[in-house]
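Q: This is the structure, below, for whatever I ask next.
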Amino acid sequence: MSTILSIQNLRKSYAGGFDALKGVNLDIEEGEIIALLGPNGAGKTTLISTVCGITMPTSGTVTVAGFDILSNYREARSLIGLVPQEIALEPFEKVINTVRFSRGLFGKQRKDSAVEDILKRLSLWDKRDNQIRELSGGMKRRVLIAKALAHEPRVLFLDEPTAGVDVELRKDMWEIVEQLRTDGVTTILTTHYIEEAEAIADRIGVISKGDILLVEDKNKLMARMGKKQLDVQLTSQINAVPDALAAYDLTLGDDGWTLIYSYDVNAERTGITMLLNDVQKAGLQLKDVVTRQSSLEDIFVSLVNQPEAAQ
Ligand SMILES: Nc1ncnc2c1ncn2[C@@H]1O[C@H](COP(=O)(O)OP(=O)(O)O)[C@@H](O)[C@H]1O
Ligand SMILES: [Mg+2]
């Protein structure tokens with residue numbers, strides 16, 4: 001695999017001095033699907049807009065297949081398709097014309113077979129002669145993707161493609177992205193839905209306050225950071241963890257009815273058997289024992305909520 005998009009030390013300060021991107025580094029491999037996960041205001045749209053040439057970077061470099069987005073703007077931009085966060089379509093235009101027009105904007109020759117192919121792939125072929133205003137919300141989103149693909153880009157950016165859409169349409173979108181991958185399209189999508197990143201991405205980047213906090217293979221991330229938690233429910237309430245159990249670093253939950261033990265999923269020894277023995281030795285009686293695996297959501301929340309110390 002080769003790097004299709006390279007972002008180096010990208011900074012963006014808006015007029016007024018707000019630092020929306022604080023030195024972002026990110027390399028993206030051809031054919032991968034990467035999700036940039038971050039809360040509102042994290043800088044996701046700013047990052048995409050800067051890469052797509054809508055916003056000027058303050059400093060840093062971005063190259064697409066080796067073309068610099070500033071010095072080789074046309075070449076770089078022609079390799080990128082962008083589906084913006086906001087739906088902006090001409091209501092009275094026909095579907096097919098709006099897609100043809102997008103292609104024309106990139107100076108590409110009219111190629112009906114390419115437009116037909118894109119419309120078919122997005123299940124819009126039957127609607128090609130309909131006006132945009134006649135389409136459902138889901139169809140309009142598909143038109144946005146069709147427009148972004150009209151000039152046959154190699155990299156597709158989807159900025160919050162499923163914000164506010166229903167579950168069914170969300171799954172449709174995920175399928176479209178997966179389908180595009182088989183055609184060799186690299187997809188970068190932003191989302192604040194953890195389940196979306198979990199469902200479709202090969203890699204997940206977590207972005208918060210203008211910084212990429214980490215970028216990692218999804219499965220590795222879950223395995224590395226995933227902690228399991230054991231809840232030891234007691235038959236009687238206690239008001240402190242007994243000294244005899246200090247070594248286990250337990251916390252007291254549920255108003256003193258539960259001892260909570262965190263352990264590493266990947267550890268050879270979890271220490272659970274010993275813990276349960278020692279709990280009983282300390283004179284406590286078990287009512288029940290429950291394990292929980294921390295989800296990507298827990299990981300995300302703990303990352304994004306870290307204090308702002310290291311900047
Ligand atoms: N044109 C602008 N001028 C000044 N500040 C902006 C502008 N656009 C975005 N911002 C600020 O930059 C930060 C990141 O915004 P944005 O990239 O839209 O975040 P996200 O897409 O992750 O929600 C926010 O605090 C936002 O208010
Ligand atoms: Mg945004």
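Ordering of the structure tokens sets the chain letters (A, B, ...); residue numbers start at 1 within each chain; ligands are numbered from 1 in the order shown.
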Using DSSP secondary structure from the backbone, list all strand (DSSP E) positions within stretch 174-311 of chain A, as a PyMOL selection string.

A: chain A and resi 186-191+203-208+211-217+227-234+251-253+258-264+286-293

Q: Please, which residues have at least one atom within 9 Å of an atom of ligand 1, using only C-alpha atoms and all ligand atoms, listed as JSON, numbers by chain?

A: {"A": [12, 13, 14, 15, 16, 17, 18, 19, 20, 21, 37, 38, 39, 40, 41, 42, 43, 44, 45, 46, 47, 48, 49, 55, 85, 159, 160, 190, 191, 192, 207, 208, 209, 210]}

Q: What's around A:Glu75 at 12 Å? Count only C-alpha atoms, leave out sequence neighbours fewer than 5 positions away in its own chain, and write the answer as JSON, numbers by chain.

A: {"A": [52, 53, 63, 64, 65, 66, 67, 68, 69, 70, 80, 106, 107, 153, 154]}

Q: Identify, on the basis of only C-alpha atoms, every residue whose closest approach to A:Phe92 does not exceed 10 Å; exclude the query and any residue fewer than 6 positions from it along the same chain; express the result as a PyMOL selection string.

A: chain A and resi 98+130-134

Q: Have a look at A:Pro57, A:Pro161, A:Gly137, A:Gly253 and name the one nearest to ligand 2; count only C-alpha atoms and all ligand atoms.

A: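 Checking each of A:Pro57, A:Pro161, A:Gly137, A:Gly253 against ligand 2, counting only C-alpha atoms and all ligand atoms, the winner is A:Pro161.
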
Q: Excluding A:Lys147 and residues on its chain fewer than 2 positions from it, collect all residues at most 8 Å away from it, counting only C-alpha atoms, and give them as a PDB file with C-alpha atoms, in the first residue's frame.

A:
ATOM      1  CA  THR A  98     -26.257  18.268 -11.217  1.00  0.00           C
ATOM      2  CA  VAL A  99     -23.803  15.365 -11.311  1.00  0.00           C
ATOM      3  CA  ARG A 100     -22.635  16.251 -14.838  1.00  0.00           C
ATOM      4  CA  SER A 102     -19.922  18.780 -10.829  1.00  0.00           C
ATOM      5  CA  ARG A 103     -17.753  16.819 -13.214  1.00  0.00           C
ATOM      6  CA  VAL A 143     -26.823  12.934  -4.801  1.00  0.00           C
ATOM      7  CA  LEU A 144     -24.196  14.734  -2.721  1.00  0.00           C
ATOM      8  CA  ILE A 145     -22.019  11.644  -2.858  1.00  0.00           C
ATOM      9  CA  LEU A 149     -17.585  11.260  -7.182  1.00  0.00           C
ATOM     10  CA  ALA A 150     -18.455  12.856 -10.532  1.00  0.00           C
TER      11      ALA A 150
END

Q: With only C-alpha atoms and all ligand atoms as the atoms that count, which of A:Asp249, A:Glu196, A:Glu86, A:Glu216 lies nearest to ligand 2?

A: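 Among A:Asp249, A:Glu196, A:Glu86, A:Glu216, it is A:Glu86 that comes nearest to ligand 2.
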
Q: As a PDB file with C-alpha atoms, in the first residue's frame, please: all residues of stretch 68-183 of chain A that backbone DSSP puts in helix (DSSP H, G or I).

A:
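Ended up saving to selection29.pdb:
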ATOM      1  CA  TYR A  73      -3.626  22.798  -6.338  1.00  0.00           C
ATOM      2  CA  ARG A  74      -5.381  21.626  -9.517  1.00  0.00           C
ATOM      3  CA  GLU A  75      -3.786  18.194  -9.592  1.00  0.00           C
ATOM      4  CA  ALA A  76      -4.297  17.671  -5.875  1.00  0.00           C
ATOM      5  CA  ARG A  77      -7.879  18.892  -5.883  1.00  0.00           C
ATOM      6  CA  SER A  78      -8.846  16.761  -8.874  1.00  0.00           C
ATOM      7  CA  VAL A  95     -30.268  14.763 -10.717  1.00  0.00           C
ATOM      8  CA  ILE A  96     -28.219  13.806 -13.762  1.00  0.00           C
ATOM      9  CA  ASN A  97     -27.435  17.405 -14.664  1.00  0.00           C
ATOM     10  CA  THR A  98     -26.257  18.268 -11.217  1.00  0.00           C
ATOM     11  CA  VAL A  99     -23.803  15.365 -11.311  1.00  0.00           C
ATOM     12  CA  ARG A 100     -22.635  16.251 -14.838  1.00  0.00           C
ATOM     13  CA  PHE A 101     -22.112  19.827 -13.761  1.00  0.00           C
ATOM     14  CA  SER A 102     -19.922  18.780 -10.829  1.00  0.00           C
ATOM     15  CA  ARG A 103     -17.753  16.819 -13.214  1.00  0.00           C
ATOM     16  CA  GLY A 104     -17.478  19.823 -15.503  1.00  0.00           C
ATOM     17  CA  LEU A 105     -16.288  21.997 -12.641  1.00  0.00           C
ATOM     18  CA  ASP A 112     -21.886   9.828 -19.811  1.00  0.00           C
ATOM     19  CA  SER A 113     -20.711   6.312 -19.023  1.00  0.00           C
ATOM     20  CA  ALA A 114     -18.933   7.524 -15.872  1.00  0.00           C
ATOM     21  CA  VAL A 115     -21.963   9.499 -14.708  1.00  0.00           C
ATOM     22  CA  GLU A 116     -24.233   6.550 -15.428  1.00  0.00           C
ATOM     23  CA  ASP A 117     -21.954   4.266 -13.481  1.00  0.00           C
ATOM     24  CA  ILE A 118     -21.941   6.584 -10.457  1.00  0.00           C
ATOM     25  CA  LEU A 119     -25.711   7.051 -10.486  1.00  0.00           C
ATOM     26  CA  LYS A 120     -26.272   3.320 -10.731  1.00  0.00           C
ATOM     27  CA  ARG A 121     -23.855   2.623  -7.931  1.00  0.00           C
ATOM     28  CA  TRP A 125     -30.269   5.896 -11.948  1.00  0.00           C
ATOM     29  CA  ASP A 126     -34.058   5.592 -11.851  1.00  0.00           C
ATOM     30  CA  LYS A 127     -34.238   9.108 -10.425  1.00  0.00           C
ATOM     31  CA  ILE A 132     -33.718  17.444  -6.649  1.00  0.00           C
ATOM     32  CA  ARG A 133     -36.718  18.847  -4.767  1.00  0.00           C
ATOM     33  CA  GLU A 134     -38.660  15.667  -5.553  1.00  0.00           C
ATOM     34  CA  GLY A 137     -33.626  13.351   2.335  1.00  0.00           C
ATOM     35  CA  GLY A 138     -31.772  10.078   1.913  1.00  0.00           C
ATOM     36  CA  MET A 139     -31.744  10.416  -1.861  1.00  0.00           C
ATOM     37  CA  LYS A 140     -30.402  13.951  -1.563  1.00  0.00           C
ATOM     38  CA  ARG A 141     -27.517  12.643   0.497  1.00  0.00           C
ATOM     39  CA  ARG A 142     -26.811  10.120  -2.236  1.00  0.00           C
ATOM     40  CA  VAL A 143     -26.823  12.934  -4.801  1.00  0.00           C
ATOM     41  CA  LEU A 144     -24.196  14.734  -2.721  1.00  0.00           C
ATOM     42  CA  ILE A 145     -22.019  11.644  -2.858  1.00  0.00           C
ATOM     43  CA  ALA A 146     -22.645  11.267  -6.593  1.00  0.00           C
ATOM     44  CA  LYS A 147     -21.565  14.883  -7.123  1.00  0.00           C
ATOM     45  CA  ALA A 148     -18.426  14.306  -5.071  1.00  0.00           C
ATOM     46  CA  LEU A 149     -17.585  11.260  -7.182  1.00  0.00           C
ATOM     47  CA  VAL A 167     -30.631   4.162  11.200  1.00  0.00           C
ATOM     48  CA  GLU A 168     -31.528   2.576   7.894  1.00  0.00           C
ATOM     49  CA  LEU A 169     -29.972   5.323   5.826  1.00  0.00           C
ATOM     50  CA  ARG A 170     -26.907   5.253   8.021  1.00  0.00           C
ATOM     51  CA  LYS A 171     -26.419   1.587   7.207  1.00  0.00           C
ATOM     52  CA  ASP A 172     -26.911   2.368   3.508  1.00  0.00           C
ATOM     53  CA  MET A 173     -24.150   4.948   3.713  1.00  0.00           C
ATOM     54  CA  TRP A 174     -21.801   2.469   5.333  1.00  0.00           C
ATOM     55  CA  GLU A 175     -22.506   0.028   2.535  1.00  0.00           C
ATOM     56  CA  ILE A 176     -21.786   2.661  -0.093  1.00  0.00           C
ATOM     57  CA  VAL A 177     -18.435   3.426   1.521  1.00  0.00           C
ATOM     58  CA  GLU A 178     -17.533  -0.261   1.671  1.00  0.00           C
ATOM     59  CA  GLN A 179     -18.554  -0.653  -1.972  1.00  0.00           C
ATOM     60  CA  LEU A 180     -16.407   2.313  -3.012  1.00  0.00           C
ATOM     61  CA  ARG A 181     -13.420   0.696  -1.387  1.00  0.00           C
ATOM     62  CA  THR A 182     -13.689  -2.235  -3.780  1.00  0.00           C
TER      63      THR A 182
END

Q: Please indicate the distance in Å from atom CA of A:Asp217 to atom CA of A:Glu32, rounded to one decimal place.

A: 10.6 Å

Q: Quick one: of A:Leu158, A:Ala267, A:Val304, A:Leu89, who's nearest to ligand 2, counting only C-alpha atoms and all ligand atoms?

A: A:Leu158

Q: If we count only C-alpha atoms and set the cut-off at 8 Å, which residues sit around stretch 291-293 of chain A, ignoring sequence neighbours fewer than 4 positions away in its own chain? Please answer as a PyMOL selection string.

A: chain A and resi 226-231

Q: Using only C-alpha atoms, find the one residue out of A:Ile212, A:Met274, A:Val232, A:Ala163 that sits nearest to A:Leu303.

A: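 Of A:Ile212, A:Met274, A:Val232, A:Ala163, the one nearest A:Leu303 is A:Ile212, counting only C-alpha atoms.
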
Q: May I have the residues within 10 Å of stretch 233-238 of chain A as a PyMOL selection string, using only C-alpha atoms and disregarding those fewer than 4 positions away in the same chain?

A: chain A and resi 242+252-260+279+284-290

Q: Save the residues we just selected, C-alpha atoms, as a compact mmCIF listing (two decimals), in the first residue's frame?

A:
# COMPACT_ATOMS: atom_id res chain seq x y z
CA PRO A 242 -10.86 -3.08 53.52
CA LEU A 252 -16.21 1.30 45.85
CA GLY A 253 -19.36 1.71 43.81
CA ASP A 254 -23.08 1.55 44.15
CA ASP A 255 -23.11 3.31 47.54
CA GLY A 256 -20.85 0.68 49.08
CA TRP A 257 -22.62 -2.39 47.75
CA THR A 258 -20.08 -3.14 45.00
CA LEU A 259 -16.30 -3.48 44.74
CA ILE A 260 -15.05 -2.56 41.27
CA VAL A 279 -12.59 -10.69 49.42
CA LEU A 284 -17.16 -10.01 52.93
CA GLN A 285 -19.82 -12.12 51.29
CA LEU A 286 -20.45 -12.15 47.57
CA LYS A 287 -23.91 -11.73 46.18
CA ASP A 288 -22.92 -11.72 42.53
CA VAL A 289 -20.00 -11.10 40.21
CA VAL A 290 -20.40 -9.29 36.87

Q: Pick out the closest residue to A:Thr58 from this set: A:Gly31, A:Asn219, A:Asn239, A:Arg11. Count only C-alpha atoms.

A: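 Selected residue with least distance to A:Thr58: A:Arg11.
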
Q: For A:Arg110, which of A:Asp129, A:Glu90, A:Glu152, A:Glu29 is the closest residue, counting only C-alpha atoms?

A: A:Glu152

Q: What does the distance from atom CA of A:Ala35 to atom CA of A:Met56 come to in Å, to one decimal?

A: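 Spanning atom CA of A:Ala35 to atom CA of A:Met56 is a straight-line distance of 22.7 Å.
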